[in-house]
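Dropping run-v6.txt in here (compact mmCIF, N, CA, C and O atoms):
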```txt
# COMPACT_ATOMS: atom_id res chain seq x y z
N MET A 20 102.63 -50.71 46.05
CA MET A 20 103.54 -50.64 47.18
C MET A 20 102.85 -51.26 48.39
O MET A 20 101.73 -50.91 48.73
N ALA A 21 103.56 -52.15 49.04
CA ALA A 21 103.00 -52.82 50.22
C ALA A 21 103.67 -52.31 51.49
O ALA A 21 104.86 -52.01 51.49
N ARG A 22 102.89 -52.24 52.55
CA ARG A 22 103.45 -51.94 53.89
C ARG A 22 103.79 -53.30 54.49
O ARG A 22 102.91 -54.15 54.65
N ILE A 23 105.07 -53.48 54.82
CA ILE A 23 105.55 -54.77 55.27
C ILE A 23 106.21 -54.64 56.64
O ILE A 23 107.15 -53.86 56.80
N LEU A 24 105.73 -55.41 57.60
CA LEU A 24 106.34 -55.46 58.92
C LEU A 24 107.41 -56.55 58.88
O LEU A 24 107.12 -57.71 58.59
N LEU A 25 108.65 -56.16 59.17
CA LEU A 25 109.78 -57.09 59.21
C LEU A 25 110.10 -57.39 60.67
O LEU A 25 110.28 -56.47 61.45
N VAL A 26 110.21 -58.67 61.01
CA VAL A 26 110.47 -59.05 62.40
C VAL A 26 111.67 -59.99 62.45
O VAL A 26 111.67 -61.05 61.81
N ASP A 27 112.67 -59.57 63.21
CA ASP A 27 113.86 -60.39 63.43
C ASP A 27 114.52 -59.92 64.71
O ASP A 27 114.27 -58.79 65.15
N ASP A 28 115.35 -60.77 65.30
CA ASP A 28 116.07 -60.35 66.50
C ASP A 28 117.50 -59.94 66.18
O ASP A 28 118.30 -59.72 67.08
N GLU A 29 117.82 -59.82 64.90
CA GLU A 29 119.14 -59.36 64.46
C GLU A 29 118.97 -58.09 63.63
O GLU A 29 118.35 -58.10 62.57
N GLN A 30 119.54 -56.99 64.13
CA GLN A 30 119.40 -55.70 63.47
C GLN A 30 119.95 -55.72 62.04
O GLN A 30 119.39 -55.11 61.14
N GLY A 31 121.05 -56.44 61.82
CA GLY A 31 121.64 -56.52 60.49
C GLY A 31 120.70 -57.11 59.45
O GLY A 31 120.64 -56.64 58.31
N ILE A 32 119.97 -58.14 59.84
CA ILE A 32 119.00 -58.76 58.93
C ILE A 32 117.88 -57.77 58.62
O ILE A 32 117.46 -57.63 57.47
N LEU A 33 117.40 -57.07 59.65
CA LEU A 33 116.34 -56.07 59.43
C LEU A 33 116.82 -54.99 58.48
O LEU A 33 116.07 -54.57 57.58
N ASN A 34 118.04 -54.52 58.65
CA ASN A 34 118.59 -53.48 57.78
C ASN A 34 118.67 -53.95 56.34
O ASN A 34 118.27 -53.24 55.41
N THR A 35 119.19 -55.16 56.14
CA THR A 35 119.34 -55.71 54.79
C THR A 35 117.99 -55.88 54.10
O THR A 35 117.81 -55.47 52.94
N LEU A 36 117.03 -56.48 54.79
CA LEU A 36 115.70 -56.67 54.21
C LEU A 36 115.02 -55.33 53.93
O LEU A 36 114.35 -55.17 52.90
N SER A 37 115.18 -54.37 54.83
CA SER A 37 114.58 -53.04 54.63
C SER A 37 115.12 -52.37 53.38
O SER A 37 114.34 -51.83 52.58
N ILE A 38 116.42 -52.41 53.20
CA ILE A 38 117.03 -51.79 52.02
C ILE A 38 116.52 -52.45 50.75
O ILE A 38 116.13 -51.78 49.79
N PHE A 39 116.51 -53.78 50.73
CA PHE A 39 116.03 -54.50 49.55
C PHE A 39 114.58 -54.16 49.23
O PHE A 39 114.24 -53.88 48.09
N LEU A 40 113.72 -54.20 50.24
CA LEU A 40 112.30 -53.94 50.00
C LEU A 40 112.04 -52.50 49.58
O LEU A 40 111.16 -52.24 48.76
N LYS A 41 112.79 -51.55 50.12
CA LYS A 41 112.66 -50.15 49.70
C LYS A 41 113.02 -49.99 48.23
O LYS A 41 112.34 -49.27 47.50
N THR A 42 114.09 -50.66 47.78
CA THR A 42 114.48 -50.56 46.37
C THR A 42 113.44 -51.17 45.45
O THR A 42 113.37 -50.81 44.28
N GLU A 43 112.62 -52.07 45.99
CA GLU A 43 111.54 -52.67 45.21
C GLU A 43 110.24 -51.87 45.30
O GLU A 43 109.22 -52.29 44.77
N GLY A 44 110.28 -50.74 46.00
CA GLY A 44 109.11 -49.86 46.06
C GLY A 44 108.17 -50.10 47.23
O GLY A 44 107.08 -49.54 47.27
N HIS A 45 108.57 -50.93 48.17
CA HIS A 45 107.71 -51.22 49.32
C HIS A 45 108.05 -50.33 50.51
O HIS A 45 109.08 -49.66 50.52
N GLN A 46 107.19 -50.36 51.50
CA GLN A 46 107.38 -49.57 52.71
C GLN A 46 107.60 -50.52 53.89
O GLN A 46 106.65 -50.90 54.58
N PRO A 47 108.86 -50.91 54.14
CA PRO A 47 109.13 -51.81 55.26
C PRO A 47 109.20 -51.07 56.59
O PRO A 47 109.66 -49.93 56.66
N VAL A 48 108.75 -51.74 57.64
CA VAL A 48 108.85 -51.22 59.00
C VAL A 48 109.51 -52.32 59.83
O VAL A 48 108.94 -53.39 60.00
N PRO A 49 110.73 -52.07 60.31
CA PRO A 49 111.43 -53.11 61.08
C PRO A 49 110.98 -53.17 62.53
O PRO A 49 110.66 -52.15 63.15
N ALA A 50 110.96 -54.39 63.06
CA ALA A 50 110.65 -54.62 64.48
C ALA A 50 111.70 -55.56 65.02
O ALA A 50 111.86 -56.67 64.53
N LEU A 51 112.43 -55.11 66.03
CA LEU A 51 113.49 -55.91 66.63
C LEU A 51 112.86 -56.84 67.68
O LEU A 51 112.73 -56.50 68.85
N GLY A 52 112.40 -57.99 67.22
CA GLY A 52 111.79 -58.98 68.09
C GLY A 52 110.28 -59.01 68.03
O GLY A 52 109.63 -58.06 67.56
N ALA A 53 109.71 -60.11 68.51
CA ALA A 53 108.26 -60.33 68.44
C ALA A 53 107.48 -59.36 69.31
O ALA A 53 106.40 -58.89 68.90
N LYS A 54 107.98 -59.05 70.49
CA LYS A 54 107.27 -58.12 71.38
C LYS A 54 107.11 -56.77 70.71
O LYS A 54 106.03 -56.18 70.74
N LYS A 55 108.18 -56.27 70.09
CA LYS A 55 108.12 -54.98 69.40
C LYS A 55 107.14 -55.06 68.22
O LYS A 55 106.39 -54.12 67.97
N ALA A 56 107.13 -56.17 67.52
CA ALA A 56 106.21 -56.35 66.40
C ALA A 56 104.76 -56.23 66.86
O ALA A 56 103.94 -55.56 66.21
N LEU A 57 104.43 -56.86 67.98
CA LEU A 57 103.06 -56.78 68.49
C LEU A 57 102.70 -55.36 68.90
O LEU A 57 101.56 -54.92 68.68
N GLU A 58 103.65 -54.63 69.46
CA GLU A 58 103.41 -53.22 69.80
C GLU A 58 103.12 -52.40 68.55
O GLU A 58 102.20 -51.58 68.52
N ILE A 59 103.89 -52.61 67.51
CA ILE A 59 103.70 -51.88 66.25
C ILE A 59 102.36 -52.24 65.62
O ILE A 59 101.66 -51.36 65.11
N LEU A 60 102.00 -53.52 65.65
CA LEU A 60 100.73 -53.95 65.06
C LEU A 60 99.52 -53.33 65.75
O LEU A 60 98.47 -53.17 65.13
N GLU A 61 99.65 -52.99 67.02
CA GLU A 61 98.56 -52.33 67.74
C GLU A 61 98.32 -50.92 67.20
O GLU A 61 97.22 -50.38 67.33
N GLN A 62 99.35 -50.32 66.59
CA GLN A 62 99.29 -48.93 66.14
C GLN A 62 99.13 -48.76 64.63
O GLN A 62 98.65 -47.73 64.18
N GLN A 63 99.56 -49.75 63.85
CA GLN A 63 99.60 -49.60 62.40
C GLN A 63 99.07 -50.84 61.70
O GLN A 63 99.14 -51.94 62.24
N ALA A 64 98.59 -50.66 60.48
CA ALA A 64 98.11 -51.77 59.65
C ALA A 64 99.17 -52.11 58.60
O ALA A 64 99.87 -51.23 58.11
N PHE A 65 99.25 -53.40 58.26
CA PHE A 65 100.23 -53.87 57.30
C PHE A 65 99.58 -54.82 56.31
O PHE A 65 98.61 -55.49 56.63
N ASP A 66 100.17 -54.89 55.12
CA ASP A 66 99.72 -55.83 54.11
C ASP A 66 100.35 -57.21 54.32
O ASP A 66 99.76 -58.22 53.96
N LEU A 67 101.56 -57.20 54.90
CA LEU A 67 102.34 -58.42 55.01
C LEU A 67 103.27 -58.32 56.21
O LEU A 67 103.77 -57.24 56.52
N MET A 68 103.51 -59.46 56.85
CA MET A 68 104.54 -59.54 57.87
C MET A 68 105.52 -60.62 57.43
O MET A 68 105.12 -61.71 57.03
N ILE A 69 106.81 -60.31 57.49
CA ILE A 69 107.86 -61.27 57.24
C ILE A 69 108.60 -61.45 58.56
O ILE A 69 109.13 -60.47 59.10
N SER A 70 108.63 -62.67 59.07
CA SER A 70 109.20 -62.90 60.40
C SER A 70 110.19 -64.05 60.41
O SER A 70 109.96 -65.09 59.78
N ASP A 71 111.25 -63.85 61.17
CA ASP A 71 112.19 -64.93 61.46
C ASP A 71 111.47 -65.91 62.39
O ASP A 71 110.53 -65.55 63.10
N ILE A 72 111.94 -67.14 62.41
CA ILE A 72 111.35 -68.14 63.29
C ILE A 72 112.10 -68.22 64.61
O ILE A 72 111.51 -68.20 65.68
N ARG A 73 113.42 -68.28 64.54
CA ARG A 73 114.23 -68.45 65.76
C ARG A 73 114.53 -67.10 66.39
O ARG A 73 115.46 -66.39 65.98
N MET A 74 113.74 -66.77 67.39
CA MET A 74 113.91 -65.54 68.16
C MET A 74 113.60 -65.88 69.62
O MET A 74 112.98 -66.89 69.90
N ALA A 75 114.03 -65.02 70.51
CA ALA A 75 113.72 -65.21 71.93
C ALA A 75 113.39 -63.85 72.52
O ALA A 75 113.85 -62.83 72.01
N PRO A 76 112.59 -63.74 73.53
CA PRO A 76 111.94 -64.82 74.26
C PRO A 76 110.72 -65.39 73.53
O PRO A 76 110.36 -66.55 73.74
N MET A 77 110.07 -64.63 72.67
CA MET A 77 108.94 -65.15 71.89
C MET A 77 109.46 -65.50 70.51
O MET A 77 110.03 -64.65 69.82
N ASN A 78 109.26 -66.76 70.10
CA ASN A 78 109.75 -67.14 68.78
C ASN A 78 108.74 -66.80 67.68
O ASN A 78 107.61 -66.39 67.96
N GLY A 79 109.16 -66.99 66.45
CA GLY A 79 108.32 -66.62 65.32
C GLY A 79 107.04 -67.42 65.20
O GLY A 79 106.02 -66.91 64.74
N MET A 80 107.07 -68.67 65.62
CA MET A 80 105.85 -69.50 65.56
C MET A 80 104.81 -68.99 66.56
O MET A 80 103.62 -68.96 66.25
N GLU A 81 105.27 -68.61 67.74
CA GLU A 81 104.36 -68.05 68.74
C GLU A 81 103.78 -66.73 68.23
O GLU A 81 102.58 -66.47 68.39
N LEU A 82 104.63 -65.91 67.62
CA LEU A 82 104.17 -64.64 67.03
C LEU A 82 103.16 -64.91 65.93
O LEU A 82 102.11 -64.26 65.87
N LEU A 83 103.45 -65.87 65.07
CA LEU A 83 102.53 -66.22 63.98
C LEU A 83 101.15 -66.60 64.52
O LEU A 83 100.13 -66.16 63.98
N ALA A 84 101.11 -67.40 65.56
CA ALA A 84 99.82 -67.82 66.13
C ALA A 84 99.02 -66.62 66.62
O ALA A 84 97.81 -66.52 66.37
N VAL A 85 99.68 -65.69 67.29
CA VAL A 85 98.99 -64.49 67.80
C VAL A 85 98.52 -63.61 66.64
O VAL A 85 97.37 -63.16 66.62
N VAL A 86 99.39 -63.41 65.68
CA VAL A 86 99.06 -62.54 64.54
C VAL A 86 97.93 -63.14 63.72
O VAL A 86 97.01 -62.43 63.30
N HIS A 87 97.98 -64.44 63.48
CA HIS A 87 96.92 -65.08 62.69
C HIS A 87 95.56 -64.96 63.38
O HIS A 87 94.54 -64.78 62.73
N GLU A 88 95.56 -65.02 64.70
CA GLU A 88 94.30 -64.89 65.45
C GLU A 88 93.80 -63.45 65.44
O GLU A 88 92.62 -63.20 65.22
N LYS A 89 94.68 -62.48 65.70
CA LYS A 89 94.28 -61.08 65.81
C LYS A 89 94.11 -60.38 64.47
O LYS A 89 93.30 -59.46 64.35
N TYR A 90 94.90 -60.77 63.47
CA TYR A 90 94.90 -60.10 62.16
C TYR A 90 94.82 -61.15 61.05
O TYR A 90 95.76 -61.31 60.26
N PRO A 91 93.72 -61.87 60.96
CA PRO A 91 93.64 -63.01 60.04
C PRO A 91 93.76 -62.64 58.56
O PRO A 91 94.12 -63.49 57.75
N SER A 92 93.50 -61.40 58.20
CA SER A 92 93.59 -61.03 56.79
C SER A 92 95.00 -60.64 56.36
O SER A 92 95.26 -60.48 55.17
N MET A 93 95.93 -60.51 57.31
CA MET A 93 97.30 -60.13 56.97
C MET A 93 98.10 -61.38 56.60
O MET A 93 98.13 -62.36 57.35
N SER A 94 98.74 -61.34 55.45
CA SER A 94 99.60 -62.45 55.03
C SER A 94 100.89 -62.44 55.83
O SER A 94 101.39 -61.38 56.22
N VAL A 95 101.43 -63.64 56.06
CA VAL A 95 102.67 -63.79 56.83
C VAL A 95 103.59 -64.75 56.08
O VAL A 95 103.16 -65.82 55.65
N ILE A 96 104.85 -64.33 55.95
CA ILE A 96 105.89 -65.19 55.40
C ILE A 96 106.89 -65.44 56.51
O ILE A 96 107.37 -64.51 57.15
N MET A 97 107.21 -66.71 56.75
CA MET A 97 108.16 -67.08 57.77
C MET A 97 109.53 -67.34 57.14
O MET A 97 109.61 -68.01 56.11
N LEU A 98 110.57 -66.80 57.77
CA LEU A 98 111.95 -66.98 57.29
C LEU A 98 112.76 -67.76 58.32
O LEU A 98 112.57 -67.58 59.52
N THR A 99 113.67 -68.57 57.82
CA THR A 99 114.61 -69.24 58.72
C THR A 99 115.84 -69.68 57.95
O THR A 99 115.76 -69.98 56.76
N ALA A 100 116.95 -69.67 58.63
CA ALA A 100 118.18 -70.22 58.07
C ALA A 100 118.30 -71.69 58.41
O ALA A 100 119.23 -72.36 58.00
N TYR A 101 117.35 -72.21 59.18
CA TYR A 101 117.38 -73.58 59.66
C TYR A 101 116.15 -74.33 59.16
O TYR A 101 115.28 -74.71 59.93
N GLY A 102 116.06 -74.52 57.86
CA GLY A 102 114.89 -75.14 57.27
C GLY A 102 114.68 -76.57 57.71
O GLY A 102 115.61 -77.38 57.66
N GLN A 103 113.48 -76.86 58.18
CA GLN A 103 113.11 -78.21 58.59
C GLN A 103 111.69 -78.46 58.13
O GLN A 103 110.83 -77.56 58.19
N VAL A 104 111.43 -79.66 57.68
CA VAL A 104 110.10 -80.00 57.17
C VAL A 104 109.03 -79.80 58.23
O VAL A 104 107.97 -79.23 57.94
N ASP A 105 109.29 -80.22 59.46
CA ASP A 105 108.26 -80.10 60.50
C ASP A 105 107.95 -78.64 60.81
O ASP A 105 106.81 -78.27 61.06
N THR A 106 108.96 -77.77 60.73
CA THR A 106 108.73 -76.34 60.96
C THR A 106 107.91 -75.74 59.82
O THR A 106 107.03 -74.92 60.04
N ALA A 107 108.20 -76.15 58.60
CA ALA A 107 107.44 -75.66 57.45
C ALA A 107 105.98 -76.08 57.56
O ALA A 107 105.07 -75.27 57.33
N ILE A 108 105.74 -77.31 57.93
CA ILE A 108 104.36 -77.80 58.08
C ILE A 108 103.65 -77.05 59.20
O ILE A 108 102.52 -76.60 59.02
N GLU A 109 104.33 -76.89 60.34
CA GLU A 109 103.71 -76.19 61.47
C GLU A 109 103.38 -74.75 61.11
O GLU A 109 102.30 -74.26 61.47
N SER A 110 104.27 -74.08 60.39
CA SER A 110 104.01 -72.67 60.06
C SER A 110 102.80 -72.53 59.14
O SER A 110 101.99 -71.63 59.32
N THR A 111 102.65 -73.43 58.18
CA THR A 111 101.47 -73.35 57.32
C THR A 111 100.20 -73.72 58.07
O THR A 111 99.14 -73.14 57.83
N GLN A 112 100.29 -74.64 59.02
CA GLN A 112 99.13 -75.00 59.83
C GLN A 112 98.71 -73.82 60.72
O GLN A 112 97.54 -73.68 61.03
N LEU A 113 99.68 -73.01 61.13
CA LEU A 113 99.38 -71.85 61.97
C LEU A 113 98.92 -70.64 61.15
O LEU A 113 98.60 -69.61 61.71
N GLY A 114 98.90 -70.77 59.83
CA GLY A 114 98.37 -69.72 58.99
C GLY A 114 99.36 -68.95 58.15
O GLY A 114 98.99 -67.96 57.51
N ALA A 115 100.60 -69.39 58.09
CA ALA A 115 101.57 -68.68 57.25
C ALA A 115 101.22 -68.84 55.79
O ALA A 115 100.79 -69.90 55.35
N PHE A 116 101.42 -67.77 55.03
CA PHE A 116 101.20 -67.80 53.58
C PHE A 116 102.32 -68.59 52.91
O PHE A 116 102.09 -69.33 51.96
N ASP A 117 103.55 -68.41 53.41
CA ASP A 117 104.69 -69.09 52.82
C ASP A 117 105.79 -69.26 53.86
O ASP A 117 105.78 -68.62 54.92
N TYR A 118 106.75 -70.11 53.53
CA TYR A 118 107.86 -70.45 54.42
C TYR A 118 109.13 -70.46 53.57
O TYR A 118 109.18 -71.15 52.55
N ILE A 119 110.09 -69.66 53.98
CA ILE A 119 111.35 -69.58 53.21
C ILE A 119 112.50 -69.91 54.15
O ILE A 119 112.62 -69.35 55.21
```
With the file now loaded, output its structure as structure tokens.
Amino acid sequence: MARILLVDDEQGILNTLSIFLKTEGHQPVPALGAKKALEILEQQAFDLMISDIRMAPMNGMELLAVVHEKYPSMSVIMLTAYGQVDTAIESTQLGAFDYI
């Protein structure tokens, strides 16, 4: 069972991902936006972070850069409904484990 931090600016997406991951035996913790995710990371440890890319005011790429610097051993998967090659390349350069 993995502790997974879920980051998105849409509550519905967080709810759906949380339900799915719970049924798979994981322990998801939702964070509504990047700022909330950073607050949670200060208090708890995670095996994995799954983050949306398009968020405001701090987007997922900015969050990824901070997380990779502060928590280099934590894997990160970036999610987006707007797949672009340059975004995929940038996310892996910033330390993402995968891009979906």
Looking only at alpha helix (DSSP H) from DSSP on the backbone, list the matching residues of chain A as a PyMOL selection string.
chain A and resi 30-42+53-62+79-89+104-112
At most 10 Å from (111.6, -51.9, 55.1), file frame, only C-alpha atoms: which residues, as a CSV table (one decimal) with N, CA, C and O atoms, in the coordinates of the input?
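Resulting contents of part12.csv:
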```
chain,number,residue,atom,x,y,z
A,21,ALA,N,103.6,-52.2,49.0
A,21,ALA,CA,103.0,-52.8,50.2
A,21,ALA,C,103.7,-52.3,51.5
A,21,ALA,O,104.9,-52.0,51.5
A,22,ARG,N,102.9,-52.2,52.6
A,22,ARG,CA,103.4,-51.9,53.9
A,22,ARG,C,103.8,-53.3,54.5
A,22,ARG,O,102.9,-54.2,54.6
A,23,ILE,N,105.1,-53.5,54.8
A,23,ILE,CA,105.6,-54.8,55.3
A,23,ILE,C,106.2,-54.6,56.6
A,23,ILE,O,107.2,-53.9,56.8
A,24,LEU,N,105.7,-55.4,57.6
A,24,LEU,CA,106.3,-55.5,58.9
A,24,LEU,C,107.4,-56.6,58.9
A,24,LEU,O,107.1,-57.7,58.6
A,25,LEU,N,108.6,-56.2,59.2
A,25,LEU,CA,109.8,-57.1,59.2
A,25,LEU,C,110.1,-57.4,60.7
A,25,LEU,O,110.3,-56.5,61.4
A,33,LEU,N,117.4,-57.1,59.6
A,33,LEU,CA,116.3,-56.1,59.4
A,33,LEU,C,116.8,-55.0,58.5
A,33,LEU,O,116.1,-54.6,57.6
A,34,ASN,N,118.0,-54.5,58.6
A,34,ASN,CA,118.6,-53.5,57.8
A,34,ASN,C,118.7,-54.0,56.3
A,34,ASN,O,118.3,-53.2,55.4
A,35,THR,N,119.2,-55.2,56.1
A,35,THR,CA,119.3,-55.7,54.8
A,35,THR,C,118.0,-55.9,54.1
A,35,THR,O,117.8,-55.5,52.9
A,36,LEU,N,117.0,-56.5,54.8
A,36,LEU,CA,115.7,-56.7,54.2
A,36,LEU,C,115.0,-55.3,53.9
A,36,LEU,O,114.4,-55.2,52.9
A,37,SER,N,115.2,-54.4,54.8
A,37,SER,CA,114.6,-53.0,54.6
A,37,SER,C,115.1,-52.4,53.4
A,37,SER,O,114.3,-51.8,52.6
A,38,ILE,N,116.4,-52.4,53.2
A,38,ILE,CA,117.0,-51.8,52.0
A,38,ILE,C,116.5,-52.4,50.8
A,38,ILE,O,116.1,-51.8,49.8
A,39,PHE,N,116.5,-53.8,50.7
A,39,PHE,CA,116.0,-54.5,49.6
A,39,PHE,C,114.6,-54.2,49.2
A,39,PHE,O,114.2,-53.9,48.1
A,40,LEU,N,113.7,-54.2,50.2
A,40,LEU,CA,112.3,-53.9,50.0
A,40,LEU,C,112.0,-52.5,49.6
A,40,LEU,O,111.2,-52.2,48.8
A,41,LYS,N,112.8,-51.6,50.1
A,41,LYS,CA,112.7,-50.2,49.7
A,41,LYS,C,113.0,-50.0,48.2
A,41,LYS,O,112.3,-49.3,47.5
A,42,THR,N,114.1,-50.7,47.8
A,42,THR,CA,114.5,-50.6,46.4
A,42,THR,C,113.4,-51.2,45.4
A,42,THR,O,113.4,-50.8,44.3
A,43,GLU,N,112.6,-52.1,46.0
A,43,GLU,CA,111.5,-52.7,45.2
A,43,GLU,C,110.2,-51.9,45.3
A,43,GLU,O,109.2,-52.3,44.8
A,44,GLY,N,110.3,-50.7,46.0
A,44,GLY,CA,109.1,-49.9,46.1
A,44,GLY,C,108.2,-50.1,47.2
A,44,GLY,O,107.1,-49.5,47.3
A,45,HIS,N,108.6,-50.9,48.2
A,45,HIS,CA,107.7,-51.2,49.3
A,45,HIS,C,108.0,-50.3,50.5
A,45,HIS,O,109.1,-49.7,50.5
A,46,GLN,N,107.2,-50.4,51.5
A,46,GLN,CA,107.4,-49.6,52.7
A,46,GLN,C,107.6,-50.5,53.9
A,46,GLN,O,106.6,-50.9,54.6
A,47,PRO,N,108.9,-50.9,54.1
A,47,PRO,CA,109.1,-51.8,55.3
A,47,PRO,C,109.2,-51.1,56.6
A,47,PRO,O,109.7,-49.9,56.7
A,48,VAL,N,108.8,-51.7,57.6
A,48,VAL,CA,108.8,-51.2,59.0
A,48,VAL,C,109.5,-52.3,59.8
A,48,VAL,O,108.9,-53.4,60.0
A,49,PRO,N,110.7,-52.1,60.3
A,49,PRO,CA,111.4,-53.1,61.1
A,49,PRO,C,111.0,-53.2,62.5
A,49,PRO,O,110.7,-52.2,63.2
A,50,ALA,N,111.0,-54.4,63.1
A,50,ALA,CA,110.6,-54.6,64.5
A,50,ALA,C,111.7,-55.6,65.0
A,50,ALA,O,111.9,-56.7,64.5
```
Can you tell me which residues surround segment 56-72 of chain A at a distance of at most 7 Å, considering only N, CA, C and O atoms, apart from same-chain residues fewer than 5 positions away, and format the answer as a list of chain:residue names?
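Here the answer would be A:Ala21, A:Arg22, A:Ile23, A:Leu24, A:Leu25, A:Val26, A:Asp27, A:Asp28, A:Pro49, A:Ala50, A:Leu51, A:Met77, A:Asn78, A:Gly79, A:Met80, A:Glu81, A:Ser92, A:Met93, A:Ser94, A:Val95, A:Ile96, A:Met97, A:Leu98, A:Thr99, A:Ala100, A:Ile119.
Between atom N of Lys54 of chain A and atom N of Leu82 of chain A the interatomic distance comes to 8.2 Å.
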How many Å lie between atom CA of Gly31 of chain A and atom CA of Pro76 of chain A, rounded to one decimal?
18.8 Å
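As for atom CA of Pro91 of chain A and atom C of Ala53 of chain A, they are spaced 17.1 Å apart.
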For the strand (DSSP E or B) assignment from backbone DSSP, which residues of segment 76-105 of chain A qualify? Please present them as a list in words.
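Of segment 76-105 of chain A, only Ser94, Val95, Ile96, Met97 and Leu98 of chain A fall in strand (DSSP E or B).
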